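Enquirer: Next comes the structure file model32.cif, holding mmCIF, C-alpha atoms.
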```cif
data_model
loop_
_atom_site.group_PDB
_atom_site.id
_atom_site.type_symbol
_atom_site.label_atom_id
_atom_site.label_comp_id
_atom_site.auth_asym_id
_atom_site.auth_seq_id
_atom_site.Cartn_x
_atom_site.Cartn_y
_atom_site.Cartn_z
ATOM 1 C CA MET F 1 -101.886 71.601 -157.255
ATOM 2 C CA ALA F 2 -99.983 71.129 -160.504
ATOM 3 C CA GLN F 3 -97.972 68.320 -158.945
ATOM 4 C CA ALA F 4 -101.165 66.559 -157.838
ATOM 5 C CA LEU F 5 -102.678 67.014 -161.308
ATOM 6 C CA PHE F 6 -99.691 65.448 -163.063
ATOM 7 C CA HIS F 7 -99.524 62.689 -160.456
ATOM 8 C CA GLY F 8 -103.142 61.786 -161.245
ATOM 9 C CA LEU F 9 -102.437 61.921 -164.980
ATOM 10 C CA ALA F 10 -99.383 59.670 -164.783
ATOM 11 C CA LEU F 11 -100.906 57.110 -162.433
ATOM 12 C CA ALA F 12 -104.175 56.829 -164.364
ATOM 13 C CA LEU F 13 -102.284 56.469 -167.648
ATOM 14 C CA ALA F 14 -100.233 53.602 -166.231
ATOM 15 C CA LEU F 15 -103.412 51.854 -165.056
ATOM 16 C CA ILE F 16 -105.460 52.346 -168.217
ATOM 17 C CA LEU F 17 -102.835 51.354 -170.814
ATOM 18 C CA PRO F 18 -103.061 47.539 -170.380
ATOM 19 C CA LEU F 19 -105.633 46.094 -172.785
ATOM 20 C CA GLY F 20 -108.393 44.822 -170.501
ATOM 21 C CA PRO F 21 -112.113 44.054 -170.970
ATOM 22 C CA GLN F 22 -113.160 47.701 -170.881
ATOM 23 C CA ASN F 23 -110.590 48.824 -173.441
ATOM 24 C CA THR F 24 -111.274 45.956 -175.826
ATOM 25 C CA PHE F 25 -115.032 46.558 -175.718
ATOM 26 C CA VAL F 26 -114.639 50.253 -176.577
ATOM 27 C CA LEU F 27 -112.181 49.341 -179.344
ATOM 28 C CA THR F 28 -114.523 46.676 -180.724
ATOM 29 C CA GLN F 29 -117.485 49.047 -180.690
ATOM 30 C CA GLY F 30 -115.457 51.610 -182.606
ATOM 31 C CA ALA F 31 -114.724 49.019 -185.299
ATOM 32 C CA ALA F 32 -118.275 47.659 -185.344
ATOM 33 C CA HIS F 33 -120.170 50.831 -186.234
ATOM 34 C CA SER F 34 -119.796 53.027 -189.287
ATOM 35 C CA ARG F 35 -121.475 55.983 -187.543
ATOM 36 C CA TYR F 36 -119.683 57.424 -184.550
ATOM 37 C CA ARG F 37 -122.914 58.418 -182.822
ATOM 38 C CA ALA F 38 -123.596 54.691 -182.326
ATOM 39 C CA VAL F 39 -120.291 54.354 -180.452
ATOM 40 C CA LEU F 40 -120.620 57.545 -178.403
ATOM 41 C CA PRO F 41 -122.951 56.125 -175.679
ATOM 42 C CA VAL F 42 -120.460 53.327 -174.976
ATOM 43 C CA VAL F 43 -117.576 55.801 -174.753
ATOM 44 C CA LEU F 44 -119.505 58.115 -172.432
ATOM 45 C CA THR F 45 -120.553 55.193 -170.220
ATOM 46 C CA ALA F 46 -116.973 53.955 -169.896
ATOM 47 C CA ALA F 47 -115.601 57.430 -169.166
ATOM 48 C CA LEU F 48 -118.331 58.265 -166.647
ATOM 49 C CA SER F 49 -117.854 54.901 -164.925
ATOM 50 C CA ASP F 50 -114.130 55.524 -164.570
ATOM 51 C CA THR F 51 -114.837 59.006 -163.236
ATOM 52 C CA ALA F 52 -117.180 57.508 -160.635
ATOM 53 C CA LEU F 53 -114.552 54.938 -159.596
ATOM 54 C CA ILE F 54 -111.879 57.619 -159.327
ATOM 55 C CA THR F 55 -114.196 59.804 -157.243
ATOM 56 C CA THR F 56 -114.989 56.987 -154.826
ATOM 57 C CA ALA F 57 -111.282 56.153 -154.598
ATOM 58 C CA VAL F 58 -110.327 59.731 -153.751
ATOM 59 C CA LEU F 59 -113.148 59.917 -151.185
ATOM 60 C CA GLY F 60 -111.619 57.002 -149.289
ATOM 61 C CA VAL F 61 -113.527 53.887 -150.356
ATOM 62 C CA SER F 62 -110.174 52.182 -150.937
ATOM 63 C CA LEU F 63 -109.487 52.379 -147.196
ATOM 64 C CA VAL F 64 -112.647 50.363 -146.523
ATOM 65 C CA ILE F 65 -111.669 47.695 -149.069
ATOM 66 C CA LEU F 66 -108.143 47.430 -147.679
ATOM 67 C CA ALA F 67 -109.454 47.169 -144.122
ATOM 68 C CA LEU F 68 -111.797 44.258 -144.925
ATOM 69 C CA PRO F 69 -109.957 41.282 -146.496
ATOM 70 C CA ILE F 70 -113.203 39.308 -146.792
ATOM 71 C CA LEU F 71 -114.648 42.123 -148.917
ATOM 72 C CA GLN F 72 -111.587 42.022 -151.168
ATOM 73 C CA THR F 73 -112.036 38.273 -151.589
ATOM 74 C CA LEU F 74 -115.749 38.527 -152.386
ATOM 75 C CA LEU F 75 -115.247 41.349 -154.894
ATOM 76 C CA THR F 76 -112.456 39.415 -156.577
ATOM 77 C CA LEU F 77 -114.503 36.204 -156.808
ATOM 78 C CA VAL F 78 -117.431 38.093 -158.337
ATOM 79 C CA GLY F 79 -115.059 39.722 -160.804
ATOM 80 C CA VAL F 80 -113.421 36.416 -161.757
ATOM 81 C CA GLY F 81 -116.806 34.814 -162.426
ATOM 82 C CA PHE F 82 -117.854 37.817 -164.483
ATOM 83 C CA LEU F 83 -114.703 37.692 -166.607
ATOM 84 C CA VAL F 84 -115.034 33.954 -167.283
ATOM 85 C CA VAL F 85 -118.666 34.290 -168.418
ATOM 86 C CA MET F 86 -118.100 37.434 -170.480
ATOM 87 C CA GLY F 87 -115.032 35.879 -172.082
ATOM 88 C CA TYR F 88 -117.135 32.879 -173.127
ATOM 89 C CA HIS F 89 -119.753 35.134 -174.726
ATOM 90 C CA ASN F 90 -117.084 37.178 -176.505
ATOM 91 C CA TRP F 91 -115.440 34.033 -177.881
ATOM 92 C CA ARG F 92 -118.757 32.864 -179.337
ATOM 93 C CA ASP F 93 -119.684 36.308 -180.686
ATOM 94 C CA MET F 94 -120.388 36.157 -184.441
ATOM 95 C CA PRO F 95 -119.725 39.484 -186.197
ATOM 96 C CA ASN F 96 -120.591 38.327 -189.701
ATOM 97 C CA GLY F 97 -124.340 38.566 -189.298
ATOM 98 C CA ALA F 98 -124.813 34.797 -189.338
ATOM 99 C CA ASP F 99 -126.024 34.687 -185.752
ATOM 100 C CA PRO F 100 -129.806 34.280 -185.815
ATOM 101 C CA GLU F 101 -130.136 35.709 -182.319
ATOM 102 C CA GLY F 102 -128.101 38.791 -183.082
ATOM 103 C CA SER F 103 -125.630 38.048 -180.317
ATOM 104 C CA THR F 104 -122.876 40.096 -181.921
ATOM 105 C CA SER F 105 -122.228 43.300 -180.006
ATOM 106 C CA ALA F 106 -122.520 45.267 -183.244
ATOM 107 C CA ALA F 107 -126.191 44.288 -183.439
ATOM 108 C CA TRP F 108 -127.005 44.846 -179.776
ATOM 109 C CA PRO F 109 -129.626 47.490 -178.960
ATOM 110 C CA LEU F 110 -128.387 50.654 -177.275
ATOM 111 C CA ARG F 111 -129.469 49.679 -173.762
ATOM 112 C CA ARG F 112 -127.644 46.359 -173.931
ATOM 113 C CA ARG F 113 -124.445 48.021 -175.136
ATOM 114 C CA ILE F 114 -124.641 50.533 -172.283
ATOM 115 C CA ARG F 115 -125.283 47.765 -169.739
ATOM 116 C CA TYR F 116 -122.319 45.792 -171.048
ATOM 117 C CA SER F 117 -120.109 48.876 -170.944
ATOM 118 C CA LEU F 118 -121.162 49.425 -167.327
ATOM 119 C CA SER F 119 -120.406 45.812 -166.436
ATOM 120 C CA VAL F 120 -116.905 45.741 -167.947
ATOM 121 C CA SER F 121 -116.226 49.096 -166.294
ATOM 122 C CA LEU F 122 -117.468 48.294 -162.797
ATOM 123 C CA LEU F 123 -117.512 44.505 -162.311
ATOM 124 C CA ASN F 124 -114.035 43.395 -163.305
ATOM 125 C CA PRO F 125 -111.330 42.971 -160.628
ATOM 126 C CA HIS F 126 -108.925 45.328 -162.388
ATOM 127 C CA ALA F 127 -111.382 48.215 -162.076
ATOM 128 C CA ILE F 128 -112.337 47.460 -158.486
ATOM 129 C CA MET F 129 -109.038 46.415 -156.935
ATOM 130 C CA ASP F 130 -106.374 48.127 -159.026
ATOM 131 C CA THR F 131 -108.035 51.412 -159.982
ATOM 132 C CA VAL F 132 -109.899 52.102 -156.741
ATOM 133 C CA VAL F 133 -107.161 50.898 -154.398
ATOM 134 C CA VAL F 134 -104.140 52.290 -156.281
ATOM 135 C CA ILE F 135 -105.690 55.661 -157.083
ATOM 136 C CA GLY F 136 -107.141 55.845 -153.582
ATOM 137 C CA SER F 137 -103.724 55.194 -152.072
ATOM 138 C CA GLY F 138 -102.261 57.974 -154.187
ATOM 139 C CA ALA F 139 -104.954 60.390 -153.043
ATOM 140 C CA ALA F 140 -104.011 59.708 -149.422
ATOM 141 C CA LEU F 141 -100.740 61.567 -150.046
ATOM 142 C CA TYR F 142 -102.614 64.876 -150.273
ATOM 143 C CA ALA F 143 -104.096 66.620 -147.252
ATOM 144 C CA HIS F 144 -105.837 69.590 -148.875
ATOM 145 C CA ALA F 145 -109.135 69.291 -150.745
ATOM 146 C CA SER F 146 -107.803 71.390 -153.650
ATOM 147 C CA GLU F 147 -104.917 68.961 -154.146
ATOM 148 C CA LYS F 148 -107.220 65.949 -154.010
ATOM 149 C CA LEU F 149 -109.485 67.616 -156.581
ATOM 150 C CA SER F 150 -106.555 68.308 -158.915
ATOM 151 C CA TYR F 151 -105.380 64.719 -158.511
ATOM 152 C CA ALA F 152 -108.850 63.354 -159.307
ATOM 153 C CA LEU F 153 -109.250 65.677 -162.308
ATOM 154 C CA GLY F 154 -105.924 64.521 -163.723
ATOM 155 C CA ALA F 155 -106.880 60.861 -163.365
ATOM 156 C CA ALA F 156 -110.357 61.382 -164.833
ATOM 157 C CA LEU F 157 -109.015 63.395 -167.770
ATOM 158 C CA VAL F 158 -106.915 60.420 -168.848
ATOM 159 C CA SER F 159 -110.013 58.205 -169.016
ATOM 160 C CA TRP F 160 -111.988 60.663 -171.144
ATOM 161 C CA VAL F 161 -109.178 61.272 -173.637
ATOM 162 C CA TRP F 162 -108.243 57.572 -173.728
ATOM 163 C CA PHE F 163 -111.706 56.197 -174.455
ATOM 164 C CA PHE F 164 -112.474 58.736 -177.167
ATOM 165 C CA GLY F 165 -109.096 57.999 -178.759
ATOM 166 C CA LEU F 166 -109.601 54.248 -178.451
ATOM 167 C CA SER F 167 -113.004 54.371 -180.134
ATOM 168 C CA LEU F 168 -111.554 56.406 -183.007
ATOM 169 C CA ALA F 169 -108.718 53.890 -183.346
ATOM 170 C CA GLY F 170 -111.321 51.132 -183.518
ATOM 171 C CA ARG F 171 -113.118 52.946 -186.330
ATOM 172 C CA GLN F 172 -109.879 53.120 -188.269
ATOM 173 C CA ILE F 173 -109.266 49.396 -187.743
ATOM 174 C CA GLY F 174 -112.763 48.680 -189.050
ATOM 175 C CA ARG F 175 -112.016 50.663 -192.210
ATOM 176 C CA TRP F 176 -108.686 49.015 -192.975
ATOM 177 C CA GLY F 177 -109.986 45.558 -193.706
ATOM 178 C CA ARG F 178 -113.068 43.446 -193.653
ATOM 179 C CA ARG F 179 -115.120 44.652 -190.707
ATOM 180 C CA ALA F 180 -116.388 41.155 -189.851
ATOM 181 C CA ARG F 181 -112.875 39.698 -189.758
ATOM 182 C CA SER F 182 -111.572 42.586 -187.644
ATOM 183 C CA LEU F 183 -114.407 42.143 -185.148
ATOM 184 C CA SER F 184 -113.880 38.386 -184.972
ATOM 185 C CA ILE F 185 -110.199 38.827 -184.141
ATOM 186 C CA MET F 186 -110.907 41.519 -181.538
ATOM 187 C CA ASN F 187 -113.697 39.508 -179.910
ATOM 188 C CA LYS F 188 -111.449 36.481 -179.492
ATOM 189 C CA ALA F 189 -108.566 38.640 -178.278
ATOM 190 C CA SER F 190 -110.925 40.212 -175.748
ATOM 191 C CA ALA F 191 -112.023 36.770 -174.537
ATOM 192 C CA LEU F 192 -108.423 35.620 -174.074
ATOM 193 C CA ILE F 193 -107.558 38.807 -172.174
ATOM 194 C CA MET F 194 -110.552 38.313 -169.869
ATOM 195 C CA TRP F 195 -109.572 34.701 -169.144
ATOM 196 C CA VAL F 196 -105.942 35.627 -168.470
ATOM 197 C CA ILE F 197 -106.988 38.366 -166.038
ATOM 198 C CA ALA F 198 -109.453 35.995 -164.350
ATOM 199 C CA ALA F 199 -106.727 33.347 -163.986
ATOM 200 C CA LYS F 200 -104.336 35.937 -162.554
ATOM 201 C CA TYR F 201 -106.745 37.031 -159.830
ATOM 202 C CA LEU F 202 -107.843 33.467 -159.081
ATOM 203 C CA TRP F 203 -104.213 32.443 -158.646
ATOM 204 C CA GLN F 204 -103.685 35.368 -156.279
ATOM 205 C CA LEU F 205 -106.637 34.192 -154.179
ATOM 206 C CA ILE F 206 -105.233 30.645 -154.095
ATOM 207 C CA GLN F 207 -101.835 31.943 -152.962
ATOM 208 C CA ILE F 208 -103.464 34.009 -150.210
ATOM 209 C CA ALA F 209 -105.507 31.008 -149.058
ATOM 210 C CA MET F 210 -102.442 28.741 -149.014
ATOM 211 C CA GLY F 211 -100.427 31.300 -147.092
ATOM 212 C CA SER F 212 -103.057 31.889 -144.418
#
```
Show me the file's structure as structure tokens.

Expert:
Amino acid sequence: MAQALFHGLALALALILPLGPQNTFVLTQGAAHSRYRAVLPVVLTAALSDTALITTAVLGVSLVILALPILQTLLTLVGVGFLVVMGYHNWRDMPNGADPEGSTSAAWPLRRRIRYSLSVSLLNPHAIMDTVVVIGSGAALYAHASEKLSYALGAALVSWVWFFGLSLAGRQIGRWGRRARSLSIMNKASALIMWVIAAKYLWQLIQIAMGS
């Protein structure tokens, strides 16, 4: 059981470390709000979403995705479109309060921030293809339910610790300098990351299509 636990910890840590849309949104929210209770719903949403993905992966959903190439293609196309659109909105986000429509994520109402956190957690290709498939493949190594549970707990624990730590790091970044400037830089960095990930998955689809 201990081996399965540490396997889940190590694998989830390797998957969560790259700075993707989910990580940058949690980091940005940490920098955007002076009160941590305003950030907490976003952190909880991200952590719960990851826990749900890990659970579905361990239960065998990854086997369904791997068995249906057309499903992989559709999920990837949806994710690519999502990343392109969200990257555009992030690039245009105005954290200095000059936006008359309040488009900056710092000014979003709670429900919108939760919805966005759900979308970057569940609709991007990295979450669907990498997390579900890779973690699901790792779970297939264990035959006993207790080992699978330990493996899933290890993977989920990483998400909870990571997102709380990331939000606290964002708060510190917001305190170091001008909050508006910090948010502007992070929003544009987030947009670039989204576009790079979208281009990566689109290129993979093109290679698959050319090879078939």

Enquirer: Please write the residues picked by the PyMOL selection byres ((chain F and resi 185-200) around 6) on this file as a ChimeraX atom specification.

Expert: /F:24,80,83-84,87,90-91,182-184,201-203

Enquirer: Extract, using only C-alpha atoms, all DNA, RNA and protein residues at most 12 Å from Ser119 in chain F, discarding same-chain residues fewer than 4 positions from it, and format them as a PyMOL selection string.

Expert: chain F and resi 21-22+25+42+45-46+49-50+78-79+82-83+85-86+112-115+123-125+127-128

Enquirer: I need the chosen residues saved as a PDB file, in the frame of the given file, with C-alpha atoms.

Expert:
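Saved to out-v9.pdb:
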```pdb
ATOM      1  CA  PRO F  21    -112.113  44.054-170.970  1.00  0.00           C
ATOM      2  CA  GLN F  22    -113.160  47.701-170.881  1.00  0.00           C
ATOM      3  CA  PHE F  25    -115.032  46.558-175.718  1.00  0.00           C
ATOM      4  CA  VAL F  42    -120.460  53.327-174.976  1.00  0.00           C
ATOM      5  CA  THR F  45    -120.553  55.193-170.220  1.00  0.00           C
ATOM      6  CA  ALA F  46    -116.973  53.955-169.896  1.00  0.00           C
ATOM      7  CA  SER F  49    -117.854  54.901-164.925  1.00  0.00           C
ATOM      8  CA  ASP F  50    -114.130  55.524-164.570  1.00  0.00           C
ATOM      9  CA  VAL F  78    -117.431  38.093-158.337  1.00  0.00           C
ATOM     10  CA  GLY F  79    -115.059  39.722-160.804  1.00  0.00           C
ATOM     11  CA  PHE F  82    -117.854  37.817-164.483  1.00  0.00           C
ATOM     12  CA  LEU F  83    -114.703  37.692-166.607  1.00  0.00           C
ATOM     13  CA  VAL F  85    -118.666  34.290-168.418  1.00  0.00           C
ATOM     14  CA  MET F  86    -118.100  37.434-170.480  1.00  0.00           C
ATOM     15  CA  ARG F 112    -127.644  46.359-173.931  1.00  0.00           C
ATOM     16  CA  ARG F 113    -124.445  48.021-175.136  1.00  0.00           C
ATOM     17  CA  ILE F 114    -124.641  50.533-172.283  1.00  0.00           C
ATOM     18  CA  ARG F 115    -125.283  47.765-169.739  1.00  0.00           C
ATOM     19  CA  LEU F 123    -117.512  44.505-162.311  1.00  0.00           C
ATOM     20  CA  ASN F 124    -114.035  43.395-163.305  1.00  0.00           C
ATOM     21  CA  PRO F 125    -111.330  42.971-160.628  1.00  0.00           C
ATOM     22  CA  ALA F 127    -111.382  48.215-162.076  1.00  0.00           C
ATOM     23  CA  ILE F 128    -112.337  47.460-158.486  1.00  0.00           C
TER      24      ILE F 128
END
```

Enquirer: Please provide the set of residues having any atom within 9 Å of range 152-162 of chain F, restricted to all atoms listed in the file, with same-chain residues fewer than 5 positions apart removed, written as a VMD selection string.

Expert: chain F and resid 4 to 13 16 to 17 43 to 44 46 to 48 50 to 52 54 to 55 57 to 58 135 139 147 167

Enquirer: I'd like to know which of F:Leu110, F:Ala145, F:Leu53, F:Val61 is closest to Met1 in chain F, using only C-alpha atoms.

Expert: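 The shortest atom-to-atom distance to Met1 in chain F comes from F:Ala145.
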
Enquirer: Fewer than 5 positions away in the same chain doesn't count, so skip those; otherwise give me all residues within 9 Å of Leu15 in chain F, counting only C-alpha atoms, as a list of chain:residue names.

Expert: F:Ala10, F:His126, F:Asp130, F:Thr131, F:Val134

Enquirer: Check what the PyMOL selection byres ((chain F and resi 140) around 10) selects in the file above and give those residues as an NGL selection string.

Expert: :F and (57-60 or 62-63 or 135-139 or 141-143 or 148)

Enquirer: Quick one: pull the distance between CA of Ile206 in chain F and CA of Gly20 in chain F, Å, one decimal.

Expert: 21.9 Å

Enquirer: State, in Å with one decimal place, the distance from CA of Ala67 in chain F to CA of Gln207 in chain F.

Expert: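 Going from CA of Ala67 in chain F over to CA of Gln207 in chain F covers 19.2 Å.
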
Enquirer: Which residue out of F:Leu19, F:Leu122, F:Ala38, F:Val64 has the minimum interatomic distance to Pro109 in chain F when only C-alpha atoms are used?

Expert: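 The shortest atom-to-atom distance to Pro109 in chain F comes from F:Ala38.
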